[in-house]
Protein chains: 2
Amino acid sequence: MNDSPRRKELTRQAAQLFVQEGFDRTTVRMLAQEMGIKSGSLFHHFRDKQEILAAVIEEGTENALSIARAALEECDSDPEARLHAMARAHLATLLTDRNAHVVALYEWRRLDGQARAHLSHLRDAYEALWETVIDEALAAGVIQGDRFLVSRFVMGALNWTVRWYDPEGERSPEDLARELIAMLMSPRA
Amino acid sequence: MNDSPRRKELTRQAAQLFVQEGFDRTTVRMLAQEMGIKSGSLFHHFRDKQEILAAVIEEGTENALSIARAALEECDSDPEARLHAMARAHLATLLTDRNAHVVALYEWRRLDGQARAHLSHLRDAYEALWETVIDEALAAGVIQGDRFLVSRFVMGALNWTVRWYDPEGERSPEDLARELIAMLMSPRA
DNA sequence: GTCTATAAAGAGATAGAC
DNA sequence: GTCTATCTCTTTATAGAC
């Protein structure tokens with residue numbers, strides 16, 4: 001529809017509700033209330049509920065991608081440091097930011113075919129970034145295994161943290177990232 | 001309500017739909033059609049839709065628990081073999097059986113408070129089994145790290161396979177289990 | 001145990017005034 | 001850009017006949 005700051009803000013608020021309640025259980029009336037408007041007004045900003053979901057997922061994936069890229073640029077080329085940076089960036093968008101990226105991962109199936117086609121290149125770009133960093137680590141021998149499987153196992157371990165991580169607990173997202181990478185590392189040759 | 005074979009069969013069919021569509025998007029009419037009855041008749045077997053979900057999740061967790069226990073009994077006490085057995089059992093119930101256990105993991109949040117209270121001991125028992133096996137592996141030094149984090153990372157990597165595993169592809173669930181455990185193993189001292 | 005019929009509530013979305 | 005009002009459809013669940 002457009003890209004106004006207003007729409008961005010509404011998208012951000014929608015993301016919060018989608019995480020809390022799930023997309024299916026979030027009604028347009030709940031969304032409107034969160035945004036401080038009436039439900040009828042919502043459709044001035046978005047064509048339908050699907051479009052809100054697509055906006056949230058686009059925002060969440062773009063954000064994750066740009067944060068990951070920025071984190072990699074601050075690294076030198078040490079494969080372990082780059083793995084670590086990716087894991088920290090991923091957990092930051094999932095557990096600290098705690099919104100749009102979670103929706104992108106957990107509500108992807110609720111996108112209709114058209115939105116999915118439009119957004120899959122973004123998701124693919126993010127996953128490709130992970131695979132690149134994992135390839136570097138495999139090539140350097142700091143981890144071992146199959147590139148495809150390792151990347152999916154690592155992303156799975158990270159994505160599932162959403163289900164059990166307690167922000168009030170003692171461990172920080174950074175602790176989690178460090179422990180996960182440590183768990184994967186092969187011994188120094 | 002009861003434990004008839006009929007109810008078990010209906011529960012099995014409900015599980016399939018819940019995996020395909022998600023709990024929220026599965027209507028009682030879809031459930032009834034899958035079961036070959038009319039929607040009104042459904043409420044003779046289950047008090048409400050919530051009770052169907054609770055039945056599916058109970059069935060899925062009990063099944064996962066008994067399969068994991070059986071797999072462990074076939075092992076000797078080698079910690080690596082036991083880890084491997086747990087991973088294989090877990091993936092078998094998720095990817096081969098492909099039903100109730102998936103619902104238990106992915107629709108837990110949709111349970112109401114009462115059902116959650118009633119079923120959490122089952123889920124805890126299953127997670128405790130995992131933690132025991134991981135403890136043994138930590139004690140033997142075949143893996144390293146924090147017991148709590150390792151078990152959650154491993155379960156996360158396994159649970160997320162549901163999202164990307166292709167049953168028509170070249171890799172079997174057994175392949176996945178083997179690769180995951182290999183990825184975790186520390187070098188022999 | 002299953003059916004038909006329907007009640008009651010809630011959903012997404014639209015129209016037109018302001 | 002937001003409001004009120006409302007349409008239309010779908011949802012879960014119930015009642016009572018068979």
# chains A, B, ... in the order shown; residues from 1 in each chain; ligands from 1

call {"tool": "interface_residues", "arguments": {"of": "chain B", "to": "chain D", "cutoff": "12 Å", "atoms": "only C-alpha atoms (C1' of nucleotides)", "output": "VMD selection string"}}
result
chain B and resid 24 to 30 39 to 44 46 to 50

call {"tool": "residues_around", "arguments": {"residues": "Val103 (chain A)", "least_positions_apart": "3", "cutoff": "10 Å", "atoms": "only C-alpha atoms (C1' of nucleotides)", "output": "ChimeraX atom specification"}}
result
/A:14-20,22-23,53-54,56-61,94,98-100,106-108

call {"tool": "write_last_selection", "arguments": {"atoms": "N, CA, C and O atoms", "output": "CSV table (one decimal), in the first residue's frame"}}
result
chain,number,residue,atom,x,y,z
A,14,ALA,N,1.0,-4.2,15.5
A,14,ALA,CA,0.4,-5.5,15.1
A,14,ALA,C,1.3,-6.6,15.5
A,14,ALA,O,0.9,-7.7,16.0
A,15,ALA,N,2.6,-6.4,15.2
A,15,ALA,CA,3.6,-7.5,15.5
A,15,ALA,C,3.5,-8.0,17.0
A,15,ALA,O,3.5,-9.2,17.2
A,16,GLN,N,3.4,-7.0,17.8
A,16,GLN,CA,3.3,-7.3,19.3
A,16,GLN,C,2.1,-8.2,19.6
A,16,GLN,O,2.2,-9.3,20.3
A,17,LEU,N,1.0,-7.9,19.0
A,17,LEU,CA,-0.2,-8.7,19.3
A,17,LEU,C,-0.1,-10.1,18.6
A,17,LEU,O,-0.5,-11.1,19.2
A,18,PHE,N,0.5,-10.1,17.4
A,18,PHE,CA,0.6,-11.4,16.7
A,18,PHE,C,1.5,-12.3,17.5
A,18,PHE,O,1.3,-13.6,17.6
A,19,VAL,N,2.5,-11.8,18.2
A,19,VAL,CA,3.4,-12.6,19.0
A,19,VAL,C,2.6,-13.1,20.3
A,19,VAL,O,2.7,-14.3,20.6
A,20,GLN,N,1.9,-12.2,20.9
A,20,GLN,CA,1.2,-12.5,22.1
A,20,GLN,C,0.1,-13.6,21.9
A,20,GLN,O,0.0,-14.5,22.7
A,22,GLY,N,-0.9,-14.9,18.7
A,22,GLY,CA,-1.0,-15.7,17.4
A,22,GLY,C,-1.8,-14.9,16.4
A,22,GLY,O,-2.8,-14.2,16.8
A,23,PHE,N,-1.5,-15.1,15.1
A,23,PHE,CA,-2.2,-14.4,14.1
A,23,PHE,C,-3.7,-14.7,14.1
A,23,PHE,O,-4.5,-13.8,14.0
A,53,LEU,N,-0.3,-8.9,8.2
A,53,LEU,CA,0.6,-10.0,8.4
A,53,LEU,C,1.8,-9.9,7.5
A,53,LEU,O,3.0,-10.0,7.9
A,54,ALA,N,1.5,-9.7,6.2
A,54,ALA,CA,2.6,-9.6,5.2
A,54,ALA,C,3.5,-8.4,5.6
A,54,ALA,O,4.8,-8.5,5.5
A,56,VAL,N,4.1,-7.2,8.6
A,56,VAL,CA,4.9,-7.5,9.8
A,56,VAL,C,6.0,-8.4,9.4
A,56,VAL,O,7.2,-8.2,9.8
A,57,ILE,N,5.7,-9.4,8.6
A,57,ILE,CA,6.8,-10.4,8.2
A,57,ILE,C,7.9,-9.7,7.4
A,57,ILE,O,9.0,-10.0,7.5
A,58,GLU,N,7.5,-8.9,6.5
A,58,GLU,CA,8.4,-8.2,5.6
A,58,GLU,C,9.4,-7.4,6.6
A,58,GLU,O,10.6,-7.4,6.5
A,59,GLU,N,8.7,-6.6,7.4
A,59,GLU,CA,9.5,-5.8,8.4
A,59,GLU,C,10.4,-6.6,9.2
A,59,GLU,O,11.6,-6.3,9.4
A,60,GLY,N,9.9,-7.7,9.7
A,60,GLY,CA,10.7,-8.6,10.6
A,60,GLY,C,11.9,-9.2,9.9
A,60,GLY,O,13.0,-9.3,10.5
A,61,THR,N,11.7,-9.6,8.7
A,61,THR,CA,12.8,-10.3,8.0
A,61,THR,C,13.8,-9.3,7.5
A,61,THR,O,15.0,-9.5,7.6
A,94,LEU,N,15.1,-11.9,18.0
A,94,LEU,CA,14.0,-12.8,18.5
A,94,LEU,C,13.7,-12.5,19.9
A,94,LEU,O,12.5,-12.5,20.3
A,98,ARG,N,11.9,-9.0,20.1
A,98,ARG,CA,10.8,-9.8,20.5
A,98,ARG,C,9.5,-9.6,19.7
A,98,ARG,O,8.4,-9.7,20.3
A,99,ASN,N,9.5,-9.2,18.5
A,99,ASN,CA,8.3,-9.0,17.8
A,99,ASN,C,8.3,-9.5,16.3
A,99,ASN,O,8.0,-10.7,16.1
A,100,ALA,N,8.5,-8.6,15.4
A,100,ALA,CA,8.3,-8.9,14.0
A,100,ALA,C,9.1,-10.2,13.5
A,100,ALA,O,8.5,-11.0,12.7
A,106,TYR,N,7.2,-17.7,13.0
A,106,TYR,CA,6.1,-18.6,13.5
A,106,TYR,C,4.8,-18.5,12.8
A,106,TYR,O,3.9,-19.3,13.0
A,107,GLU,N,4.6,-17.5,12.0
A,107,GLU,CA,3.3,-17.3,11.3
A,107,GLU,C,3.5,-17.3,9.8
A,107,GLU,O,2.6,-17.0,9.1
A,108,TRP,N,4.6,-17.8,9.3
A,108,TRP,CA,4.9,-17.8,7.9
A,108,TRP,C,3.8,-18.6,7.1
A,108,TRP,O,3.3,-18.3,6.1

call {"tool": "atom_distance", "arguments": {"atom1": "CA of Ile134 (chain B)", "atom2": "CA of Met86 (chain B)"}}
result
9.8 Å

call {"tool": "interface_residues", "arguments": {"of": "chain C", "to": "chain A", "cutoff": "8 Å", "atoms": "only C-alpha atoms (C1' of nucleotides)", "output": "ChimeraX atom specification"}}
result
/C:11-13

call {"tool": "residues_around", "arguments": {"residues": "Ile143 (chain A)", "least_positions_apart": "4", "cutoff": "9 Å", "atoms": "only C-alpha atoms (C1' of nucleotides)", "output": "VMD selection string"}}
result
(chain A and resid 80 134 137 to 139 184 to 187) or (chain B and resid 183)

call {"tool": "write_last_selection", "arguments": {"atoms": "N, CA and C atoms", "output": "mmCIF file, in the first residue's frame"}}
result
data_model
loop_
_atom_site.group_PDB
_atom_site.id
_atom_site.type_symbol
_atom_site.label_atom_id
_atom_site.label_comp_id
_atom_site.auth_asym_id
_atom_site.auth_seq_id
_atom_site.Cartn_x
_atom_site.Cartn_y
_atom_site.Cartn_z
ATOM 1 N N GLU A 80 34.876 -18.301 13.666
ATOM 2 C CA GLU A 80 34.171 -18.478 14.930
ATOM 3 C C GLU A 80 33.506 -17.174 15.366
ATOM 4 N N ILE A 134 28.223 -20.387 7.851
ATOM 5 C CA ILE A 134 28.458 -21.777 8.243
ATOM 6 C C ILE A 134 29.444 -22.452 7.297
ATOM 7 N N ALA A 137 32.874 -21.546 8.323
ATOM 8 C CA ALA A 137 33.302 -22.277 9.520
ATOM 9 C C ALA A 137 33.637 -23.733 9.192
ATOM 10 N N LEU A 138 32.865 -24.313 8.281
ATOM 11 C CA LEU A 138 33.156 -25.682 7.852
ATOM 12 C C LEU A 138 34.502 -25.733 7.131
ATOM 13 N N ALA A 139 34.709 -24.765 6.238
ATOM 14 C CA ALA A 139 35.955 -24.724 5.463
ATOM 15 C C ALA A 139 37.159 -24.564 6.387
ATOM 16 N N LEU A 184 28.962 -26.291 19.523
ATOM 17 C CA LEU A 184 29.186 -26.785 18.159
ATOM 18 C C LEU A 184 30.647 -26.941 17.793
ATOM 19 N N MET A 185 31.491 -26.208 18.486
ATOM 20 C CA MET A 185 32.876 -26.105 18.044
ATOM 21 C C MET A 185 33.620 -27.428 18.090
ATOM 22 N N SER A 186 34.354 -27.669 17.046
ATOM 23 C CA SER A 186 35.264 -28.809 17.025
ATOM 24 C C SER A 186 36.531 -28.405 17.768
ATOM 25 N N PRO A 187 37.329 -29.392 18.184
ATOM 26 C CA PRO A 187 38.586 -29.072 18.864
ATOM 27 C C PRO A 187 39.547 -28.426 17.879
ATOM 28 N N MET B 183 27.271 -33.760 15.363
ATOM 29 C CA MET B 183 27.579 -32.335 15.457
ATOM 30 C C MET B 183 27.903 -31.925 16.902
#

call {"tool": "interface_residues", "arguments": {"of": "chain B", "to": "chain A", "cutoff": "8 Å", "atoms": "only C-alpha atoms", "output": "number ranges by chain"}}
result
B: 24-25, 143-146, 149-150, 152-161, 176, 179-180, 182-184, 186-187

call {"tool": "write_last_selection", "arguments": {"atoms": "N, CA, C and O atoms", "output": "mmCIF file, in the first residue's frame"}}
result
data_model
loop_
_atom_site.group_PDB
_atom_site.id
_atom_site.type_symbol
_atom_site.label_atom_id
_atom_site.label_comp_id
_atom_site.auth_asym_id
_atom_site.auth_seq_id
_atom_site.Cartn_x
_atom_site.Cartn_y
_atom_site.Cartn_z
ATOM 1 N N ASP B 24 -6.339 -23.547 15.391
ATOM 2 C CA ASP B 24 -7.311 -22.461 15.264
ATOM 3 C C ASP B 24 -8.076 -22.503 13.951
ATOM 4 O O ASP B 24 -9.235 -22.111 13.898
ATOM 5 N N ARG B 25 -7.411 -22.956 12.913
ATOM 6 C CA ARG B 25 -8.062 -22.969 11.607
ATOM 7 C C ARG B 25 -8.795 -24.247 11.315
ATOM 8 O O ARG B 25 -9.417 -24.374 10.248
ATOM 9 N N ILE B 143 29.825 -34.968 25.508
ATOM 10 C CA ILE B 143 29.418 -33.631 25.081
ATOM 11 C C ILE B 143 29.768 -32.665 26.204
ATOM 12 O O ILE B 143 30.104 -33.087 27.311
ATOM 13 N N GLN B 144 29.680 -31.371 25.899
ATOM 14 C CA GLN B 144 30.040 -30.379 26.896
ATOM 15 C C GLN B 144 29.039 -29.246 26.921
ATOM 16 O O GLN B 144 28.393 -28.973 25.929
ATOM 17 N N GLY B 145 28.959 -28.610 28.072
ATOM 18 C CA GLY B 145 28.092 -27.441 28.158
ATOM 19 C C GLY B 145 27.184 -27.493 29.373
ATOM 20 O O GLY B 145 27.349 -28.325 30.270
ATOM 21 N N ASP B 146 26.239 -26.594 29.363
ATOM 22 C CA ASP B 146 25.291 -26.486 30.457
ATOM 23 C C ASP B 146 24.111 -27.421 30.212
ATOM 24 O O ASP B 146 23.510 -27.404 29.143
ATOM 25 N N LEU B 149 20.822 -25.715 29.008
ATOM 26 C CA LEU B 149 20.903 -25.131 27.670
ATOM 27 C C LEU B 149 21.110 -26.185 26.602
ATOM 28 O O LEU B 149 20.479 -26.131 25.536
ATOM 29 N N VAL B 150 21.961 -27.153 26.887
ATOM 30 C CA VAL B 150 22.185 -28.197 25.879
ATOM 31 C C VAL B 150 20.889 -28.925 25.568
ATOM 32 O O VAL B 150 20.531 -29.124 24.407
ATOM 33 N N ARG B 152 17.834 -27.904 25.832
ATOM 34 C CA ARG B 152 16.906 -27.069 25.060
ATOM 35 C C ARG B 152 17.376 -26.802 23.636
ATOM 36 O O ARG B 152 16.565 -26.752 22.716
ATOM 37 N N PHE B 153 18.659 -26.653 23.461
ATOM 38 C CA PHE B 153 19.161 -26.468 22.100
ATOM 39 C C PHE B 153 18.931 -27.735 21.267
ATOM 40 O O PHE B 153 18.518 -27.661 20.104
ATOM 41 N N VAL B 154 19.182 -28.867 21.877
ATOM 42 C CA VAL B 154 19.000 -30.121 21.137
ATOM 43 C C VAL B 154 17.525 -30.334 20.797
ATOM 44 O O VAL B 154 17.166 -30.646 19.648
ATOM 45 N N MET B 155 16.665 -30.143 21.763
ATOM 46 C CA MET B 155 15.235 -30.318 21.475
ATOM 47 C C MET B 155 14.765 -29.299 20.445
ATOM 48 O O MET B 155 13.953 -29.614 19.580
ATOM 49 N N GLY B 156 15.304 -28.080 20.526
ATOM 50 C CA GLY B 156 14.930 -27.067 19.542
ATOM 51 C C GLY B 156 15.339 -27.469 18.139
ATOM 52 O O GLY B 156 14.543 -27.386 17.199
ATOM 53 N N ALA B 157 16.566 -27.921 17.994
ATOM 54 C CA ALA B 157 17.039 -28.356 16.672
ATOM 55 C C ALA B 157 16.147 -29.466 16.135
ATOM 56 O O ALA B 157 15.789 -29.485 14.947
ATOM 57 N N LEU B 158 15.765 -30.389 17.010
ATOM 58 C CA LEU B 158 14.910 -31.507 16.587
ATOM 59 C C LEU B 158 13.491 -31.035 16.288
ATOM 60 O O LEU B 158 12.896 -31.415 15.274
ATOM 61 N N ASN B 159 12.940 -30.221 17.155
ATOM 62 C CA ASN B 159 11.545 -29.805 16.960
ATOM 63 C C ASN B 159 11.373 -28.976 15.700
ATOM 64 O O ASN B 159 10.331 -29.047 15.042
ATOM 65 N N TRP B 160 12.397 -28.207 15.377
ATOM 66 C CA TRP B 160 12.280 -27.342 14.206
ATOM 67 C C TRP B 160 12.319 -28.125 12.889
ATOM 68 O O TRP B 160 11.921 -27.611 11.842
ATOM 69 N N THR B 161 12.795 -29.354 12.940
ATOM 70 C CA THR B 161 12.827 -30.168 11.703
ATOM 71 C C THR B 161 11.446 -30.262 11.064
ATOM 72 O O THR B 161 11.331 -30.364 9.843
ATOM 73 N N LEU B 176 19.165 -37.743 10.043
ATOM 74 C CA LEU B 176 19.144 -36.491 10.795
ATOM 75 C C LEU B 176 19.630 -36.708 12.225
ATOM 76 O O LEU B 176 20.438 -35.927 12.745
ATOM 77 N N GLU B 179 23.392 -37.207 12.301
ATOM 78 C CA GLU B 179 24.144 -35.971 12.023
ATOM 79 C C GLU B 179 24.073 -35.002 13.203
ATOM 80 O O GLU B 179 25.050 -34.326 13.510
ATOM 81 N N LEU B 180 22.917 -34.930 13.823
ATOM 82 C CA LEU B 180 22.806 -34.005 14.950
ATOM 83 C C LEU B 180 23.726 -34.422 16.090
ATOM 84 O O LEU B 180 24.461 -33.592 16.651
ATOM 85 N N ALA B 182 26.341 -36.296 15.921
ATOM 86 C CA ALA B 182 27.736 -36.121 15.498
ATOM 87 C C ALA B 182 28.178 -34.668 15.665
ATOM 88 O O ALA B 182 29.310 -34.388 16.079
ATOM 89 N N MET B 183 27.271 -33.760 15.363
ATOM 90 C CA MET B 183 27.579 -32.335 15.457
ATOM 91 C C MET B 183 27.903 -31.925 16.902
ATOM 92 O O MET B 183 28.679 -30.999 17.143
ATOM 93 N N LEU B 184 27.286 -32.644 17.839
ATOM 94 C CA LEU B 184 27.439 -32.275 19.253
ATOM 95 C C LEU B 184 28.658 -32.886 19.927
ATOM 96 O O LEU B 184 29.130 -32.383 20.940
ATOM 97 N N SER B 186 31.922 -34.200 21.496
ATOM 98 C CA SER B 186 33.273 -33.736 21.783
ATOM 99 C C SER B 186 34.248 -34.802 21.300
ATOM 100 O O SER B 186 33.874 -35.956 21.110
ATOM 101 N N PRO B 187 35.498 -34.422 21.119
ATOM 102 C CA PRO B 187 36.508 -35.404 20.718
ATOM 103 C C PRO B 187 36.741 -36.387 21.857
ATOM 104 O O PRO B 187 36.583 -36.057 23.025
#

call {"tool": "residues_around", "arguments": {"residues": "region 64-75 of chain B", "least_positions_apart": "6", "cutoff": "8 Å", "atoms": "only C-alpha atoms (C1' of nucleotides)", "output": "PyMOL selection string"}}
result
chain B and resi 81-82+85-86+89-90+93+101+125-126

call {"tool": "write_last_selection", "arguments": {"atoms": "N, CA and C atoms", "output": "CSV table (one decimal), in the first residue's frame"}}
result
chain,number,residue,atom,x,y,z
B,81,ALA,N,25.3,-43.8,22.5
B,81,ALA,CA,24.2,-44.6,22.0
B,81,ALA,C,22.8,-44.2,22.5
B,82,ARG,N,22.8,-43.8,23.8
B,82,ARG,CA,21.5,-43.4,24.4
B,82,ARG,C,21.1,-42.0,23.8
B,85,ALA,N,19.7,-42.8,20.5
B,85,ALA,CA,18.4,-43.5,20.6
B,85,ALA,C,17.3,-42.4,20.9
B,86,MET,N,17.6,-41.5,21.7
B,86,MET,CA,16.6,-40.5,22.1
B,86,MET,C,16.3,-39.6,20.8
B,89,ALA,N,14.2,-41.6,18.4
B,89,ALA,CA,12.8,-41.8,18.8
B,89,ALA,C,12.1,-40.5,18.7
B,90,HIS,N,12.7,-39.4,19.0
B,90,HIS,CA,12.0,-38.1,18.9
B,90,HIS,C,11.6,-37.8,17.5
B,93,THR,N,8.7,-40.0,16.1
B,93,THR,CA,7.4,-39.5,16.5
B,93,THR,C,7.0,-38.2,15.8
B,101,HIS,N,2.4,-35.9,18.3
B,101,HIS,CA,3.5,-35.3,19.0
B,101,HIS,C,3.8,-33.9,18.4
B,125,ALA,N,7.8,-34.9,32.3
B,125,ALA,CA,8.4,-36.3,32.3
B,125,ALA,C,9.2,-36.5,31.1
B,126,TYR,N,8.7,-36.1,29.9
B,126,TYR,CA,9.4,-36.3,28.7
B,126,TYR,C,10.7,-35.5,28.7

call {"tool": "atom_distance", "arguments": {"atom1": "CA of Pro5 (chain A)", "atom2": "CA of Leu31 (chain A)"}}
result
17.4 Å
